[in-house]
Amino acid sequence: MALAAIAIVARCSPLSFPKSNFSPLARVLVARSSSSFKPHLRRYKAMASSLSSSETAAKTERVTAPYGSWKSPITADVVSGASKRLDGISVDGDGRLLWLESRPSESGRSVLVKEPEKPGEEPVDITPKEFAVRTLCQEYGGGAFSISGDTLVFSNYKDQRLYKQSLHLKDSPPLPITPDYGGPSVCYADGVFDGRFGRYVTVREDRREDSLNPTTMVVAVGLGEKDIQEPKVLISGTDFYAFPRMDPKGEKIAWIEWGHPNMPWDKAELWVGYISEAGDIFKRVCVAGHDPKHVESPTEPKWSPKGELFFITDRQNGFWNLYKWIESTNEVLPLYPLNAEFARPLWVFGMNSYEVIQSDKQKILIACSYRQRGRSHLAIIDVLQSSLSLLDIPFTDIQDITLGNNCLYVEGASGVLPTSVAKVTFNDEKSEIIDFQIIWSSSPDSLKYQSYFSLPELIEFPTEVPGQNAYAYFYPPSNHVYQASQEEKPPLLLKSHGGPTSETRGVLNLSIQYWTSRGWAFVDVNYGGSTGYGREFRERLLGRWGIVDVDDCCSCAKFLVESGKADGNRLCITGGSAGGYTTLAALAFRETFKAGASLYGVADLNMLRAETHKFESHYLDKLVGSEKDYYERSPINSVEKFSCPIILFQGLEDKVVPPDQARKIYEALKQKGLPVALVEYEGEQHGFRKAENIKFTLEQQMVFFARLVGQFDVADEITPIKIDNFD
């Protein structure tokens, strides 16, 4: 349930940079200490503040109109079509970047794209039109491709088979390397190349015997040109596996495993296996997760070129920090303890939060990203000196980083930059950045809307528990053409993120700007149980899902009302998946909000437990508690407590939250006489990928809230759907 309310998001930037070789976005040069690049950094900061300055100057010329009624060029068409979603990056043998982008304009089709060979040329699609690169492993996917030299292996969406493709031979057709099982019943993810045996080592999920309880293994797939063979099983016997990683010589393999009822962020184990001459594992050692003194969740193992094993775990201070394995004594040592998160929860395969950029007798340097108090940082850890040096780049949010030739490719964003991939170049000593160049942007055309953008403000607010605070990003209404009367407070839309073990980020998102540019206030909440703030904060939700998250969302809304930033009579709530459950629970068990929108949300916890996929089939065991709790916290069992309008959106191919959940709550509320509407989408799964459905969802939420709560007329021409018990 990790997806957010709108699965395909558009992020945009109010900055205008000189034209880049590869993108309408610019080439930005920054350095931490080099004087020759400081003017560029000052220019960046000046441009970032120019938005608020220009808006201040324009206030005297603004049209006065009610909040919510403002006209904005950030239409639902712009939101649904402006952004591509990034699903992974890698570098080929020539040092050129490849990225996987999901395109709403092509019904969410995922395509691998290669950086152009020469400046000024266009990027090249690598994926033929009859293919799409996506895996359904654990439903959420990730890790759908891997590259070694000029060889690409990827998972094809339609049949879920693995294919091999040459990156150097033009028009080289992808060739299957896994058997045809007559349908997409076997999935692969998170694979790596094994040069010693000429094979591809990957996680496999086999649904042939039981689609709800598939078997997960680590297998080896042959890469030769002979007949396709059944993959060789290397590791099996546990419920789940991730991050199979070969050492440089192909003599050892590291992996992460965990079993029910744990999720990978609750408790997991890191293992190392020794590989025989025949290619089998003949010896195994548990590196982390076996010691009862440490409740930990190791993740992201990685071998250095010298064969040293690094990984991330939260064993000592409750934060995901970097560690090194001492093989001779089977001990682990922290590299640089810090109350910050160096990793994210393992919802998808293929995450990459750090890279070993130098490993020799003089230095062992690791480039990494970490998150602290709602902001990401890029840093270099000197392992031998046990020191950390921050690197100054424009991103305040970082996802993955990938090692290039004397550079890093960083996937990031900020309050004033869209989701982008930047090439970050070091000096020879790797002590400072000499070049920061944006290679790819999710939404380059969004620059034209810069004067309408609302910048996120990180807020900390008190919760129901004395002494405990939670966090959120607040976006005030912003439109340089309009203003409201001084007596009016704006309507507020509160978003509860999915997961629930996840985190919302303070980056530009056109689907948020759609609301704020029309005069809505918007707040994105990191309630207790969210990630990014350590294990203690993350575990606030254990046994209390439907209580802590609901209380924190209500507390946040009340905090904004008391601060004079929102109208207490026009509070609305929205959320997708687990956020949809929080939405429905808030509307059933509290009286804070006046209307809500649930996107593929959970209405019946018992039904979710019985019907959801294997990965999350025991997730609720720790989040909910007793059978009584399952019943009492399910909104469907408390229909009599609902008292306000609700609109529901659901994909009909959703295997995480099956469609019956939405239908059940819809019929119950309709029978009770409350204003309610249900929108179902053919061909959509858990999260909406098609542009037309993203557009329709956004528009119908807006007009639904306007008609039932807003006390204003929407400026856009939107044909509302029929609302039962209202129209």
# chains A, B, ... in the order shown; residues from 1 in each chain; ligands from 1
>>> residues_around(residues="Phe310 of chain A", least_positions_apart="4", cutoff="8 Å", atoms="only C-alpha atoms", output="list in words")
Pro301, Lys302, Trp303, Ser304, Leu322, Tyr323, Lys324 and Trp325 of chain A
>>> write_last_selection(atoms="N, CA, C and O atoms", output="short mmCIF file (atom, residue, chain, number, x, y, z; two decimals), in the first residue's frame")
data_model
loop_
_atom_site.label_atom_id
_atom_site.label_comp_id
_atom_site.auth_asym_id
_atom_site.auth_seq_id
_atom_site.Cartn_x
_atom_site.Cartn_y
_atom_site.Cartn_z
N PRO A 301 22.99 -4.35 0.56
CA PRO A 301 24.39 -4.80 0.58
C PRO A 301 25.09 -4.43 -0.73
O PRO A 301 24.47 -4.43 -1.80
N LYS A 302 26.38 -4.12 -0.62
CA LYS A 302 27.13 -3.74 -1.82
C LYS A 302 28.60 -4.11 -1.61
O LYS A 302 29.18 -3.83 -0.56
N TRP A 303 29.20 -4.73 -2.63
CA TRP A 303 30.63 -5.09 -2.59
C TRP A 303 31.46 -3.98 -3.21
O TRP A 303 31.10 -3.43 -4.25
N SER A 304 32.59 -3.67 -2.59
CA SER A 304 33.53 -2.72 -3.19
C SER A 304 34.36 -3.44 -4.24
O SER A 304 34.37 -4.69 -4.30
N LEU A 322 25.25 3.32 7.65
CA LEU A 322 26.16 2.46 6.88
C LEU A 322 27.08 1.66 7.80
O LEU A 322 27.60 2.18 8.80
N TYR A 323 27.30 0.39 7.41
CA TYR A 323 28.16 -0.52 8.16
C TYR A 323 29.07 -1.29 7.20
O TYR A 323 28.80 -1.37 5.99
N LYS A 324 30.13 -1.86 7.77
CA LYS A 324 31.06 -2.70 7.02
C LYS A 324 31.19 -4.05 7.71
O LYS A 324 31.26 -4.14 8.94
N TRP A 325 31.23 -5.12 6.90
CA TRP A 325 31.39 -6.48 7.42
C TRP A 325 32.86 -6.83 7.51
O TRP A 325 33.61 -6.68 6.54
#
>>> select_by_dssp(residues="segment 568-697 of chain A", states="helix (DSSP H, G or I)", output="PyMOL selection string")
chain A and resi 578-589+605-611+614-616+619-623+627-632+635-641+660-672+691-697
>>> atom_distance(atom1="atom CA of Pro675 of chain A", atom2="atom CA of Asn725 of chain A")
4.8 Å
>>> residues_around(residues="Cys286 of chain A", least_positions_apart="2", cutoff="10 Å", atoms="only C-alpha atoms", output="NGL selection string")
:A and (254-256 or 269-273 or 284 or 288-291 or 330)
>>> residues_around(residues="Gly568 of chain A", least_positions_apart="4", cutoff="8 Å", atoms="only C-alpha atoms", output="list in words")
Pro491, Lys558 and Val561 of chain A
>>> write_last_selection(atoms="N, CA, C and O atoms", output="PDB file, in the first residue's frame")
ATOM      1  N   PRO A 491      -9.908  27.163   1.916  1.00  0.00           N
ATOM      2  CA  PRO A 491     -10.209  25.754   2.181  1.00  0.00           C
ATOM      3  C   PRO A 491      -8.899  24.969   2.201  1.00  0.00           C
ATOM      4  O   PRO A 491      -7.921  25.357   1.557  1.00  0.00           O
ATOM      5  N   LYS A 558      -6.193  20.871  12.575  1.00  0.00           N
ATOM      6  CA  LYS A 558      -6.561  21.806  13.642  1.00  0.00           C
ATOM      7  C   LYS A 558      -5.450  22.821  13.895  1.00  0.00           C
ATOM      8  O   LYS A 558      -5.716  24.004  14.150  1.00  0.00           O
ATOM      9  N   VAL A 561      -5.677  25.467  11.291  1.00  0.00           N
ATOM     10  CA  VAL A 561      -6.824  26.340  11.541  1.00  0.00           C
ATOM     11  C   VAL A 561      -6.496  27.323  12.660  1.00  0.00           C
ATOM     12  O   VAL A 561      -6.737  28.535  12.553  1.00  0.00           O
TER      13      VAL A 561
END
>>> residues_around(residues="Arg518 of chain A", least_positions_apart="3", cutoff="10 Å", atoms="only C-alpha atoms", output="ChimeraX atom specification")
/A:66-75,452,477-479,482,513-515,521,702,714-716
>>> write_last_selection(atoms="N, CA, C and O atoms", output="mmCIF file, in the first residue's frame")
data_model
loop_
_atom_site.group_PDB
_atom_site.id
_atom_site.type_symbol
_atom_site.label_atom_id
_atom_site.label_comp_id
_atom_site.auth_asym_id
_atom_site.auth_seq_id
_atom_site.Cartn_x
_atom_site.Cartn_y
_atom_site.Cartn_z
ATOM 1 N N PRO A 66 -12.852 34.799 -4.449
ATOM 2 C CA PRO A 66 -12.853 33.808 -3.364
ATOM 3 C C PRO A 66 -11.794 32.723 -3.581
ATOM 4 O O PRO A 66 -11.511 32.319 -4.710
ATOM 5 N N TYR A 67 -11.235 32.231 -2.473
ATOM 6 C CA TYR A 67 -10.339 31.082 -2.550
ATOM 7 C C TYR A 67 -11.062 29.918 -3.238
ATOM 8 O O TYR A 67 -12.251 29.684 -3.018
ATOM 9 N N GLY A 68 -10.352 29.185 -4.066
ATOM 10 C CA GLY A 68 -10.923 28.034 -4.754
ATOM 11 C C GLY A 68 -11.504 28.363 -6.107
ATOM 12 O O GLY A 68 -11.697 27.463 -6.932
ATOM 13 N N SER A 69 -11.780 29.650 -6.350
ATOM 14 C CA SER A 69 -12.402 30.045 -7.621
ATOM 15 C C SER A 69 -11.395 30.597 -8.622
ATOM 16 O O SER A 69 -11.770 30.987 -9.726
ATOM 17 N N TRP A 70 -10.125 30.643 -8.240
ATOM 18 C CA TRP A 70 -9.114 31.252 -9.100
ATOM 19 C C TRP A 70 -8.882 30.419 -10.360
ATOM 20 O O TRP A 70 -8.892 29.189 -10.322
ATOM 21 N N LYS A 71 -8.636 31.115 -11.440
ATOM 22 C CA LYS A 71 -8.326 30.440 -12.697
ATOM 23 C C LYS A 71 -6.821 30.201 -12.765
ATOM 24 O O LYS A 71 -6.031 31.065 -12.411
ATOM 25 N N SER A 72 -6.445 29.030 -13.248
ATOM 26 C CA SER A 72 -5.031 28.664 -13.295
ATOM 27 C C SER A 72 -4.713 27.942 -14.593
ATOM 28 O O SER A 72 -5.510 27.122 -15.070
ATOM 29 N N PRO A 73 -3.541 28.206 -15.174
ATOM 30 C CA PRO A 73 -3.124 27.466 -16.376
ATOM 31 C C PRO A 73 -2.639 26.051 -16.061
ATOM 32 O O PRO A 73 -2.411 25.265 -16.984
ATOM 33 N N ILE A 74 -2.464 25.739 -14.769
ATOM 34 C CA ILE A 74 -2.054 24.384 -14.394
ATOM 35 C C ILE A 74 -3.315 23.524 -14.368
ATOM 36 O O ILE A 74 -3.930 23.294 -13.327
ATOM 37 N N THR A 75 -3.720 23.088 -15.537
ATOM 38 C CA THR A 75 -4.949 22.323 -15.686
ATOM 39 C C THR A 75 -4.691 20.846 -15.398
ATOM 40 O O THR A 75 -3.546 20.394 -15.291
ATOM 41 N N TYR A 452 3.109 30.674 -10.597
ATOM 42 C CA TYR A 452 1.935 30.161 -9.878
ATOM 43 C C TYR A 452 2.314 29.218 -8.738
ATOM 44 O O TYR A 452 1.444 28.785 -7.985
ATOM 45 N N PRO A 477 -2.010 28.852 -0.543
ATOM 46 C CA PRO A 477 -2.530 29.234 -1.857
ATOM 47 C C PRO A 477 -1.569 30.195 -2.548
ATOM 48 O O PRO A 477 -0.978 31.072 -1.899
ATOM 49 N N SER A 478 -1.399 30.041 -3.864
ATOM 50 C CA SER A 478 -0.439 30.890 -4.577
ATOM 51 C C SER A 478 -0.867 31.054 -6.028
ATOM 52 O O SER A 478 -0.961 30.076 -6.778
ATOM 53 N N ASN A 479 -1.131 32.285 -6.417
ATOM 54 C CA ASN A 479 -1.475 32.622 -7.789
ATOM 55 C C ASN A 479 -1.219 34.119 -7.958
ATOM 56 O O ASN A 479 -1.859 34.934 -7.281
ATOM 57 N N TYR A 482 -4.357 36.444 -8.603
ATOM 58 C CA TYR A 482 -5.489 36.552 -7.691
ATOM 59 C C TYR A 482 -5.065 36.721 -6.238
ATOM 60 O O TYR A 482 -3.962 36.352 -5.834
ATOM 61 N N GLN A 513 0.167 21.673 -7.019
ATOM 62 C CA GLN A 513 0.055 23.042 -7.540
ATOM 63 C C GLN A 513 -1.289 23.281 -8.228
ATOM 64 O O GLN A 513 -1.767 24.417 -8.285
ATOM 65 N N TYR A 514 -1.907 22.232 -8.726
ATOM 66 C CA TYR A 514 -3.253 22.326 -9.292
ATOM 67 C C TYR A 514 -4.213 22.911 -8.264
ATOM 68 O O TYR A 514 -5.062 23.757 -8.583
ATOM 69 N N TRP A 515 -4.075 22.476 -7.005
ATOM 70 C CA TRP A 515 -4.954 22.960 -5.935
ATOM 71 C C TRP A 515 -4.546 24.352 -5.460
ATOM 72 O O TRP A 515 -5.392 25.252 -5.347
ATOM 73 N N ALA A 521 -5.424 25.805 0.171
ATOM 74 C CA ALA A 521 -4.245 25.440 0.951
ATOM 75 C C ALA A 521 -4.133 23.920 0.902
ATOM 76 O O ALA A 521 -5.144 23.214 0.834
ATOM 77 N N MET A 702 -11.820 17.917 -7.410
ATOM 78 C CA MET A 702 -11.969 19.366 -7.296
ATOM 79 C C MET A 702 -13.435 19.782 -7.334
ATOM 80 O O MET A 702 -13.914 20.515 -6.452
ATOM 81 N N VAL A 714 -15.995 26.642 -9.396
ATOM 82 C CA VAL A 714 -14.711 26.315 -10.009
ATOM 83 C C VAL A 714 -14.584 27.053 -11.329
ATOM 84 O O VAL A 714 -15.530 27.113 -12.120
ATOM 85 N N ALA A 715 -13.410 27.631 -11.594
ATOM 86 C CA ALA A 715 -13.205 28.398 -12.820
ATOM 87 C C ALA A 715 -13.123 27.506 -14.053
ATOM 88 O O ALA A 715 -13.424 27.949 -15.167
ATOM 89 N N ASP A 716 -12.720 26.258 -13.879
ATOM 90 C CA ASP A 716 -12.571 25.341 -15.014
ATOM 91 C C ASP A 716 -13.922 24.816 -15.480
ATOM 92 O O ASP A 716 -14.873 24.709 -14.697
#
>>> residues_around(residues="Leu391 of chain A", least_positions_apart="6", cutoff="12 Å", atoms="only C-alpha atoms", output="PyMOL selection string")
chain A and resi 30-34+367-370+376-381+408+424-426+430-436
>>> select_by_dssp(residues="segment 183-278 of chain A", states="strand (DSSP E or B)", output="JSON, numbers by chain")
{"A": [186, 187, 188, 189, 190, 191, 192, 193, 194, 199, 200, 201, 202, 203, 204, 205, 206, 215, 216, 217, 218, 219, 220, 221, 222, 232, 233, 234, 235, 240, 241, 242, 243, 244, 245, 246, 252, 253, 254, 255, 256, 257, 258, 269, 270, 271, 272, 273, 274, 275]}
>>> closest_atom_pairs(of="segment 58-152 of chain A", to="segment 338-348 of chain A", cutoff="7 Å", atoms="only C-alpha atoms", output="CSV")
residue,atom,partner,partner_atom,distance
A:Tyr140,CA,A:Val348,CA,5.7
A:Gly141,CA,A:Val348,CA,5.5
A:Gly142,CA,A:Val348,CA,5.0
>>> write_last_selection(atoms="N, CA and C atoms", output="mmCIF file, in the first residue's frame")
data_model
loop_
_atom_site.group_PDB
_atom_site.id
_atom_site.type_symbol
_atom_site.label_atom_id
_atom_site.label_comp_id
_atom_site.auth_asym_id
_atom_site.auth_seq_id
_atom_site.Cartn_x
_atom_site.Cartn_y
_atom_site.Cartn_z
ATOM 1 N N TYR A 140 4.658 -4.275 -6.500
ATOM 2 C CA TYR A 140 5.193 -2.923 -6.616
ATOM 3 C C TYR A 140 6.384 -2.842 -7.568
ATOM 4 N N GLY A 141 7.010 -3.985 -7.856
ATOM 5 C CA GLY A 141 8.060 -4.018 -8.867
ATOM 6 C C GLY A 141 9.344 -3.332 -8.453
ATOM 7 N N GLY A 142 9.993 -2.680 -9.421
ATOM 8 C CA GLY A 142 11.307 -2.086 -9.225
ATOM 9 C C GLY A 142 12.382 -3.078 -9.633
#
>>> residues_around(residues="segment 95-110 of chain A", least_positions_apart="5", cutoff="8 Å", atoms="only C-alpha atoms", output="MDAnalysis selection string")
chainID A and resid 8 80:81 83:90 115:117 132:134 404:405 689:691
>>> closest_residue(among="A:Arg535, A:Lys622, A:Arg375, A:Arg196", to="Phe395 of chain A", atoms="only C-alpha atoms")
A:Arg375
